[in-house]
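Okay, entry10.tsv is below, TSV, C-alpha atoms and all ligand atoms:
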```tsv
chain	number	residue	atom	x	y	z
A	1	MET	CA	109.98	124.88	98.37
A	2	ILE	CA	107.66	123.45	95.78
A	3	CYS	CA	108.58	120.01	94.50
A	4	GLY	CA	106.60	118.95	91.45
A	5	ARG	CA	107.01	115.91	89.24
A	6	PHE	CA	106.85	114.30	85.84
A	7	ALA	CA	105.42	110.77	86.19
A	8	PRO	CA	105.15	109.35	82.66
A	9	SER	CA	104.17	105.76	81.89
A	10	PRO	CA	106.50	104.22	79.29
A	11	SER	CA	103.71	102.50	77.39
A	12	GLY	CA	104.11	104.50	74.20
A	13	ARG	CA	105.43	107.72	72.80
A	14	MET	CA	104.54	110.95	74.61
A	15	HIS	CA	101.58	112.77	73.04
A	16	LEU	CA	100.67	116.43	73.14
A	17	GLY	CA	98.41	115.91	76.18
A	18	ASN	CA	101.29	114.48	78.22
A	19	ALA	CA	103.50	117.38	77.11
A	20	PHE	CA	100.75	119.84	78.09
A	21	SER	CA	100.57	118.51	81.69
A	22	ALA	CA	104.36	118.38	81.93
A	23	LEU	CA	104.75	121.99	80.76
A	24	LEU	CA	102.28	123.20	83.41
A	25	ALA	CA	103.93	121.08	86.12
A	26	TRP	CA	107.33	122.51	85.19
A	27	LEU	CA	106.12	126.13	85.00
A	28	SER	CA	104.30	125.84	88.31
A	29	ALA	CA	107.33	124.48	90.18
A	30	LYS	CA	110.00	126.55	88.44
A	31	SER	CA	108.15	129.89	88.56
A	32	SER	CA	108.35	129.70	92.35
A	33	GLY	CA	111.96	128.53	92.47
A	34	GLY	CA	110.98	124.90	93.02
A	35	GLN	CA	112.15	121.57	91.66
A	36	ILE	CA	110.91	118.79	89.43
A	37	VAL	CA	111.40	115.10	90.13
A	38	LEU	CA	111.15	112.62	87.28
A	39	ARG	CA	109.79	109.13	87.88
A	40	ILE	CA	109.15	106.50	85.26
A	41	GLU	CA	105.86	104.75	86.07
A	42	ASP	CA	106.70	101.32	84.70
A	43	LEU	CA	104.52	99.35	87.10
A	44	ASP	CA	102.77	97.41	84.40
A	45	PRO	CA	105.30	94.86	83.11
A	46	ALA	CA	103.12	93.96	80.13
A	47	ARG	CA	102.88	97.51	78.78
A	48	SER	CA	106.14	99.17	79.83
A	49	ARG	CA	109.12	99.26	77.46
A	50	PRO	CA	112.59	100.69	78.18
A	51	GLU	CA	112.71	102.16	74.67
A	52	HIS	CA	109.56	104.18	75.42
A	53	ALA	CA	111.12	105.41	78.67
A	54	ALA	CA	114.22	106.53	76.76
A	55	ALA	CA	112.09	108.32	74.17
A	56	LEU	CA	110.08	110.07	76.92
A	57	LEU	CA	113.25	111.46	78.50
A	58	GLU	CA	114.47	112.61	75.15
A	59	ASP	CA	111.13	114.31	74.41
A	60	PHE	CA	111.16	116.18	77.75
A	61	SER	CA	114.68	117.41	77.00
A	62	TRP	CA	113.75	118.42	73.47
A	63	LEU	CA	110.83	120.47	74.81
A	64	GLY	CA	113.20	122.19	77.28
A	65	LEU	CA	111.53	120.60	80.30
A	66	HIS	CA	114.44	119.60	82.51
A	67	TRP	CA	114.16	117.77	85.80
A	68	ASP	CA	116.30	118.30	88.89
A	69	ARG	CA	116.24	114.79	90.30
A	70	ARG	CA	115.31	111.35	89.14
A	71	ALA	CA	113.40	109.08	91.55
A	72	PRO	CA	113.69	105.29	91.16
A	73	ASP	CA	111.55	103.70	88.47
A	74	GLN	CA	108.43	102.03	89.88
A	75	SER	CA	109.59	98.58	88.76
A	76	ARG	CA	112.37	98.86	91.39
A	77	ARG	CA	110.14	99.91	94.28
A	78	GLY	CA	108.55	96.59	95.21
A	79	GLU	CA	109.87	96.67	98.80
A	80	ALA	CA	108.42	100.09	99.51
A	81	TYR	CA	105.01	99.00	98.18
A	82	ALA	CA	105.18	95.77	100.23
A	83	ALA	CA	105.84	97.84	103.38
A	84	ALA	CA	102.82	100.05	102.67
A	85	LEU	CA	100.66	96.96	102.07
A	86	GLU	CA	101.89	95.52	105.35
A	87	LYS	CA	100.84	98.67	107.14
A	88	LEU	CA	97.34	98.44	105.63
A	89	ARG	CA	97.23	94.79	106.67
A	90	GLU	CA	98.18	95.65	110.26
A	91	LEU	CA	95.36	98.17	110.31
A	92	GLY	CA	92.95	95.38	109.35
A	93	LEU	CA	92.08	97.06	106.07
A	94	LEU	CA	93.18	94.42	103.54
A	95	TYR	CA	91.29	91.46	102.14
A	96	PRO	CA	91.69	89.20	99.14
A	97	CYS	CA	89.21	89.57	96.28
A	98	PHE	CA	88.60	86.68	93.89
A	99	CYS	CA	86.11	88.37	91.56
A	100	SER	CA	86.78	88.09	87.85
A	101	ARG	CA	86.32	91.07	85.59
A	102	ASP	CA	83.00	89.65	84.36
A	103	GLN	CA	81.73	89.11	87.90
A	104	LEU	CA	82.67	92.67	88.79
A	105	ARG	CA	80.78	94.08	85.84
A	106	ALA	CA	77.73	91.94	86.56
A	107	ALA	CA	77.62	92.86	90.26
A	108	SER	CA	78.07	96.61	90.07
A	109	ALA	CA	76.98	99.64	88.12
A	110	PRO	CA	79.61	101.60	86.21
A	111	HIS	CA	80.03	105.11	87.52
A	112	ALA	CA	78.12	107.40	85.22
A	113	SER	CA	80.75	110.07	84.64
A	114	ASP	CA	83.83	108.04	83.76
A	115	GLY	CA	82.85	104.39	83.37
A	116	ARG	CA	84.61	103.33	86.57
A	117	VAL	CA	83.13	100.12	87.99
A	118	ILE	CA	82.11	100.57	91.62
A	119	TYR	CA	82.93	97.47	93.62
A	120	ALA	CA	79.87	95.85	95.17
A	121	GLY	CA	81.81	94.39	98.13
A	122	THR	CA	81.33	90.76	97.06
A	123	CYS	CA	84.48	89.41	98.80
A	124	ARG	CA	84.46	91.86	101.72
A	125	ASN	CA	83.21	89.40	104.36
A	126	LEU	CA	84.49	86.18	102.85
A	127	THR	CA	86.57	83.83	105.00
A	128	PRO	CA	89.38	82.95	102.62
A	129	THR	CA	90.17	79.24	102.78
A	130	ALA	CA	93.53	77.83	101.67
A	131	GLU	CA	91.77	76.49	98.58
A	132	LEU	CA	90.43	79.93	97.73
A	133	LEU	CA	93.79	81.58	98.35
A	134	SER	CA	95.41	79.27	95.82
A	135	ARG	CA	93.28	80.97	93.14
A	136	PRO	CA	94.31	84.23	91.51
A	137	HIS	CA	93.26	87.19	93.64
A	138	CYS	CA	93.95	90.85	94.13
A	139	LEU	CA	94.11	92.65	97.47
A	140	ARG	CA	91.60	95.33	98.30
A	141	ALA	CA	91.61	97.96	101.02
A	142	ARG	CA	88.30	98.65	102.80
A	143	LEU	CA	87.36	102.25	102.13
A	144	PRO	CA	85.19	104.02	104.71
A	145	ASP	CA	81.74	105.39	103.91
A	146	ARG	CA	83.11	108.90	104.14
A	147	GLU	CA	83.36	112.05	102.08
A	148	ILE	CA	86.80	113.33	101.22
A	149	SER	CA	87.04	117.01	100.33
A	150	PHE	CA	89.96	118.96	98.96
A	151	ILE	CA	90.59	122.13	97.03
A	152	ASP	CA	92.10	121.61	93.63
A	153	GLY	CA	94.34	124.53	92.69
A	154	LEU	CA	92.73	124.80	89.27
A	155	GLN	CA	89.36	123.02	89.42
A	156	GLY	CA	88.32	124.37	92.84
A	157	PRO	CA	86.59	122.54	95.73
A	158	GLN	CA	85.97	118.81	95.26
A	159	THR	CA	84.09	116.25	97.37
A	160	LEU	CA	83.65	112.52	96.82
A	161	ASN	CA	82.26	109.70	98.97
A	162	LEU	CA	84.82	106.88	98.98
A	163	GLN	CA	82.50	103.94	99.51
A	164	ARG	CA	79.68	105.19	97.29
A	165	GLU	CA	81.82	106.37	94.41
A	166	TRP	CA	84.67	103.83	94.56
A	167	GLY	CA	83.82	100.84	96.65
A	168	ASP	CA	86.87	99.03	98.08
A	169	LEU	CA	90.16	99.84	96.44
A	170	ILE	CA	92.52	97.43	94.66
A	171	VAL	CA	95.95	98.00	96.18
A	172	ARG	CA	97.71	94.92	94.81
A	173	ARG	CA	96.76	93.43	91.48
A	174	ALA	CA	96.19	89.75	90.78
A	175	ASP	CA	99.65	89.56	89.16
A	176	ALA	CA	101.10	90.67	92.55
A	177	VAL	CA	102.12	94.09	91.20
A	178	ALA	CA	101.22	97.09	93.39
A	179	ALA	CA	98.23	99.03	92.07
A	180	TYR	CA	98.80	102.49	90.62
A	181	GLN	CA	96.81	104.21	93.42
A	182	LEU	CA	99.11	102.81	96.10
A	183	ALA	CA	102.37	103.17	94.19
A	184	VAL	CA	101.84	106.80	93.24
A	185	VAL	CA	101.19	107.79	96.88
A	186	VAL	CA	104.16	105.85	98.27
A	187	ASP	CA	106.47	107.20	95.56
A	188	ASP	CA	105.41	110.84	95.67
A	189	ALA	CA	105.76	110.84	99.46
A	190	ALA	CA	109.21	109.19	99.32
A	191	ALA	CA	110.42	111.70	96.73
A	192	GLY	CA	109.17	114.70	98.75
A	193	VAL	CA	106.69	115.71	96.03
A	194	ASN	CA	104.34	118.34	97.45
A	195	GLN	CA	102.66	119.53	94.26
A	196	VAL	CA	101.00	117.24	91.72
A	197	VAL	CA	100.00	118.67	88.35
A	198	ARG	CA	98.31	116.12	86.12
A	199	GLY	CA	95.38	115.52	83.76
A	200	ARG	CA	91.80	115.99	84.87
A	201	ASP	CA	91.16	112.30	84.14
A	202	LEU	CA	92.79	111.58	87.52
A	203	LEU	CA	90.59	113.99	89.50
A	204	SER	CA	88.32	111.20	90.75
A	205	SER	CA	91.35	109.17	91.93
A	206	THR	CA	92.58	111.98	94.13
A	207	PRO	CA	90.22	111.43	97.11
A	208	VAL	CA	91.28	107.78	97.20
A	209	GLN	CA	94.93	108.81	97.12
A	210	LEU	CA	94.29	111.38	99.88
A	211	TRP	CA	92.76	108.63	102.00
A	212	LEU	CA	95.89	106.52	101.42
A	213	TYR	CA	98.16	109.42	102.47
A	214	GLU	CA	96.13	109.84	105.64
A	215	THR	CA	95.96	106.13	106.42
A	216	LEU	CA	99.68	105.56	105.80
A	217	GLY	CA	100.57	108.67	107.84
A	218	LEU	CA	102.20	110.47	104.91
A	219	PRO	CA	101.99	114.19	104.04
A	220	ALA	CA	99.70	114.82	101.05
A	221	PRO	CA	100.62	117.15	98.17
A	222	ALA	CA	98.60	120.00	96.66
A	223	TYR	CA	96.83	119.13	93.41
A	224	TYR	CA	96.22	120.90	90.11
A	225	HIS	CA	94.20	118.91	87.59
A	226	VAL	CA	94.69	120.36	84.14
A	227	PRO	CA	92.37	120.09	81.11
A	228	MET	CA	92.52	117.09	78.83
A	229	LEU	CA	93.38	117.47	75.18
A	230	LEU	CA	90.65	115.90	73.07
A	231	ALA	CA	90.62	114.78	69.47
A	232	ALA	CA	88.30	116.67	67.09
A	233	ASP	CA	85.49	114.17	67.77
A	234	GLY	CA	85.70	114.75	71.54
A	235	ARG	CA	87.60	111.55	72.37
A	236	ARG	CA	90.48	111.82	74.80
A	237	LEU	CA	93.79	112.08	73.05
A	238	SER	CA	95.73	108.92	73.77
A	239	LYS	CA	98.95	107.23	72.80
A	240	ARG	CA	97.00	105.71	69.91
A	241	ASP	CA	96.62	109.10	68.25
A	242	GLY	CA	99.93	108.74	66.48
A	243	ASP	CA	99.44	111.92	64.45
A	244	LEU	CA	99.72	113.97	67.65
A	245	ASP	CA	102.56	112.12	69.33
A	246	LEU	CA	105.94	113.73	69.76
A	247	ALA	CA	107.54	111.62	67.03
A	248	ALA	CA	105.13	113.12	64.48
A	249	ILE	CA	105.22	116.61	66.03
A	250	ARG	CA	109.01	116.73	66.00
A	251	GLN	CA	109.11	116.08	62.29
A	252	ARG	CA	106.91	119.11	61.65
A	253	TRP	CA	107.56	121.73	64.29
A	254	SER	CA	110.40	123.13	66.34
A	255	ALA	CA	110.33	122.73	70.13
A	256	ARG	CA	109.54	126.46	70.43
A	257	ARG	CA	106.57	126.16	68.11
A	258	THR	CA	105.28	123.12	70.05
A	259	VAL	CA	105.68	124.82	73.45
A	260	GLY	CA	104.01	127.92	71.98
A	261	LEU	CA	100.95	125.88	70.98
A	262	LEU	CA	100.73	124.27	74.43
A	263	ALA	CA	101.05	127.64	76.19
A	264	TRP	CA	98.41	129.23	73.99
A	265	MET	CA	96.02	126.31	74.49
A	266	ALA	CA	96.59	126.53	78.26
A	267	GLY	CA	95.55	130.20	78.18
A	268	ILE	CA	98.89	131.53	79.38
A	269	THR	CA	99.71	133.38	76.15
A	270	ASP	CA	97.36	135.29	73.86
A	271	ARG	CA	98.66	133.88	70.58
A	272	TRP	CA	100.40	130.84	69.20
A	273	GLU	CA	103.95	132.14	69.11
A	274	GLU	CA	107.36	130.48	69.28
A	275	VAL	CA	108.55	130.40	72.86
A	276	SER	CA	110.64	128.33	75.28
A	277	PRO	CA	109.43	127.11	78.69
A	278	GLN	CA	112.06	129.37	80.27
A	279	GLU	CA	110.63	132.44	78.53
A	280	LEU	CA	107.16	131.63	79.90
A	281	LEU	CA	108.33	131.64	83.53
A	282	PRO	CA	108.06	135.34	84.45
A	283	ALA	CA	104.40	135.64	83.39
A	284	PHE	CA	103.21	132.23	84.56
A	285	ASP	CA	100.12	132.43	86.76
A	286	TRP	CA	97.63	129.65	87.53
A	287	ALA	CA	94.85	132.28	87.41
A	288	ARG	CA	95.31	132.42	83.62
A	289	VAL	CA	95.19	128.67	83.02
A	290	ARG	CA	91.94	127.39	81.54
A	291	ARG	CA	89.96	124.65	83.25
A	292	GLU	CA	87.93	123.18	80.43
A	293	ASP	CA	89.08	120.40	78.12
A	294	ILE	CA	90.51	121.43	74.77
A	295	ARG	CA	89.63	120.01	71.37
A	296	LEU	CA	92.41	119.65	68.84
A	297	ASP	CA	91.83	119.15	65.18
A	298	ALA	CA	94.87	117.29	63.85
A	299	ALA	CA	93.70	117.90	60.28
A	300	ALA	CA	93.66	121.66	60.86
A	301	LEU	CA	96.98	121.67	62.73
A	302	PHE	CA	98.71	119.66	60.02
A	303	PRO	CA	97.05	120.70	56.77
B	401	LIG	N1	101.73	107.69	85.03
B	401	LIG	C1	100.48	108.35	84.84
B	401	LIG	C2	100.31	108.69	83.37
B	401	LIG	O1	101.26	108.73	82.61
B	401	LIG	C3	100.37	109.62	85.65
B	401	LIG	C4	99.98	109.35	87.04
B	401	LIG	C5	99.87	110.59	87.89
B	401	LIG	O2	100.17	111.70	87.44
B	401	LIG	O3	99.50	110.45	89.04
B	401	LIG	O4	99.19	108.93	82.95
```
Go ahead and render the structure in this file as structure tokens.
Amino acid sequence: MICGRFAPSPSGRMHLGNAFSALLAWLSAKSSGGQIVLRIEDLDPARSRPEHAAALLEDFSWLGLHWDRRAPDQSRRGEAYAAALEKLRELGLLYPCFCSRDQLRAASAPHASDGRVIYAGTCRNLTPTAELLSRPHCLRARLPDREISFIDGLQGPQTLNLQREWGDLIVRRADAVAAYQLAVVVDDAAAGVNQVVRGRDLLSSTPVQLWLYETLGLPAPAYYHVPMLLAADGRRLSKRDGDLDLAAIRQRWSARRTVGLLAWMAGITDRWEEVSPQELLPAFDWARVRREDIRLDAAALFP
């Protein structure tokens, strides 16, 4: 049985791009009789707010995107992340990294396609003294110089060299919080998630996550990376685009009108019509879903 998930970060109100990914995740799982798990990704204590989490849940319900199970919020999963870190440590893969953000930028070239900074390995062979360890540091996992290949259900075959295109991976941040890459793997595996539908911005993280699944001895899910919604000027839609967040949308449109726009943009209906997620189930087919990013003109949508 397919088990998909919603994994929103409660750092702001849901925007249309989040709703777009969630609709496709829901349709994909539910059209094959599967389930959806909901997990609040509140790892980052500085940016997560309970009121945002509450609003996210309310927005999913308003859209008609219901979940079958709720997995524990990430802020309550510290022990599971510590166990995974311990396993990496036993395998000899962990080391402390003392580089500041400025040092990282100076020592390495940003990756051309998405601005990611590739770690130059500065602290890889350092012998950490007690004095050094008293300074702020993150923990990195040594990534092998190896290609990871997988087939994305929507974007097709993908290959990435871990060492060349990532460098060593931060698995615990300097504030002692588990890094997203580690947490998402540990949590999806614990919840039995076997299908991940999410934005294309996370496509380059997937090989790193697949390496973590393999290294931790956990079963990896199938992936579908869906197009990003872009603002009219080509920027990624983000929580800062308040005109396209669900608070603004809900004042203007019904849930059926909103779902209809998302379905039409995804390529699964031929027109923008009013529809519920449930009504889209019988005809849902990944073969119809478009791969390319989608530009949205808020001024045209809300004249
Ligand atoms: N929590 C992430 C977000 O809201 C999603 C992470 C994922 O899907 O793996 O962007």
(message) Between A:Val186, A:Leu63, A:Ala299, A:Leu16, which residue has the minimum interatomic distance to Arg256 in chain A, considering all atoms listed in the file?
(response) A:Leu63
Considering all atoms listed in the file, tabulate each residue of chain A that lies at most 8 Å from ligand LIG 401 (chain B) along with its nearest interatomic pair and the corresponding distance in Å to one decimal; arrange the rows by chain and ascending residue number and present them as CSV.
```
residue,atom,partner,partner_atom,distance
A:Phe6,CA,B:LIG401,O2,7.3
A:Ala7,CA,B:LIG401,N1,4.9
A:Pro8,CA,B:LIG401,O1,3.9
A:Ser9,CA,B:LIG401,O1,4.2
A:Pro10,CA,B:LIG401,O1,7.7
A:Asn18,CA,B:LIG401,O1,7.2
A:Ile40,CA,B:LIG401,N1,7.5
A:Glu41,CA,B:LIG401,N1,5.2
A:Tyr180,CA,B:LIG401,C4,7.8
A:Val184,CA,B:LIG401,O3,6.0
A:Val196,CA,B:LIG401,O2,7.0
A:Val197,CA,B:LIG401,O2,7.0
A:Arg198,CA,B:LIG401,O2,5.0
A:Gly199,CA,B:LIG401,O2,7.1
A:Leu202,CA,B:LIG401,O3,7.0
```
(message) List as a list of chain:residue names the protein and nucleic acid residues near Ala54 in chain A, meaning an atom at most 10 Å away when only C-alpha atoms are counted, but skip any in the same chain fewer than 4 places from it.
(response)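 Residues meeting the cut-off are A:Pro10, A:Arg13, A:Ile40, A:Arg49, A:Pro50, A:Glu58, A:Asp59.
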(message) Can you measure CA of Trp166 in chain A to CA of Ser205 in chain A for me? One decimal in Å is fine.
(response)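 Here the two named atoms are 8.9 Å from each other.
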(request) May I have the residues within 12 Å of Pro144 in chain A as a PyMOL selection string, using only C-alpha atoms and disregarding those fewer than 5 positions away in the same chain? (result) chain A and resi 93+160-169+207-208+211-212+215
(request) Just the residues within 12 Å of Ala189 in chain A, please, counting only C-alpha atoms, with nothing from its chain fewer than 5 positions along; format it as a ChimeraX atom specification. (result) /A:3-5,37,71,80-81,84,182-184,194-196,209-210,212-214,216-222
(request) Between A:Leu94, A:Leu27, A:Ala176, A:Leu133, single out the one closest to Ile268 in chain A, counting only C-alpha atoms. (result) A:Leu27
(message) Just to confirm, what's the straight-line distance from CA of Leu143 in chain A to CA of Arg47 in chain A in Å (one decimal)?
(response) 28.4 Å
Mind giving me the axis-aligned box for range 182-185 of chain A with 5 Å on every side, centre plus edges in Å to one decimal, as lines of an AutoDock Vina configuration file?
```
center_x = 100.7
center_y = 105.3
center_z = 95.1
size_x = 13.3
size_y = 15.0
size_z = 13.6
```
(message) Could you check the closest approach to Leu154 in chain A for each of A:Pro136, A:Pro227, A:Gly12, A:Gly121 and tell me which residue wins, using only C-alpha atoms?
(response) A:Pro227
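One distance worth recording is that between CA of Met1 in chain A and CA of Gly33 in chain A, which is 7.2 Å.
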Give me, as an mmCIF file with C-alpha atoms, keeping the file's coordinate frame, all polymer residues having an atom no more than 7 Å from range 279-295 of chain A, counting all atoms listed in the file and skipping those fewer than 4 positions away in the same chain.
```
data_model
loop_
_atom_site.group_PDB
_atom_site.id
_atom_site.type_symbol
_atom_site.label_atom_id
_atom_site.label_comp_id
_atom_site.auth_asym_id
_atom_site.auth_seq_id
_atom_site.Cartn_x
_atom_site.Cartn_y
_atom_site.Cartn_z
ATOM 1 C CA LEU A 27 106.120 126.130 85.000
ATOM 2 C CA SER A 31 108.150 129.890 88.560
ATOM 3 C CA LEU A 154 92.730 124.800 89.270
ATOM 4 C CA GLN A 155 89.360 123.020 89.420
ATOM 5 C CA VAL A 226 94.690 120.360 84.140
ATOM 6 C CA PRO A 227 92.370 120.090 81.110
ATOM 7 C CA MET A 228 92.520 117.090 78.830
ATOM 8 C CA LEU A 229 93.380 117.470 75.180
ATOM 9 C CA LEU A 230 90.650 115.900 73.070
ATOM 10 C CA ALA A 231 90.620 114.780 69.470
ATOM 11 C CA ALA A 232 88.300 116.670 67.090
ATOM 12 C CA GLY A 234 85.700 114.750 71.540
ATOM 13 C CA ALA A 266 96.590 126.530 78.260
ATOM 14 C CA GLY A 267 95.550 130.200 78.180
ATOM 15 C CA ILE A 268 98.890 131.530 79.380
ATOM 16 C CA VAL A 275 108.550 130.400 72.860
#
```
(request) Give the answer as one residue: which of A:Pro128, A:Gly78, A:Pro277, A:Pro72 has the shortest atom-to-atom distance to Val177 in chain A, using all atoms listed in the file? (result) A:Gly78
(message) Nearest residue to Phe98 in chain A out of A:Glu147, A:Ala53, A:Ile170, A:Gln158, using only C-alpha atoms?
(response) A:Ile170
(message) Taking all atoms listed in the file into account, name the residue in A:Val171, A:Ala130, A:Ala106, A:Leu203 that is nearest to Ile151 in chain A.
(response) A:Leu203
(request) Identify, on the basis of all atoms listed in the file, every residue whose closest approach to Asp152 in chain A does not exceed 7 Å; exclude the query and any residue fewer than 6 positions from it along the same chain; express the result as a ChimeraX atom specification. (result) /A:158,223-225
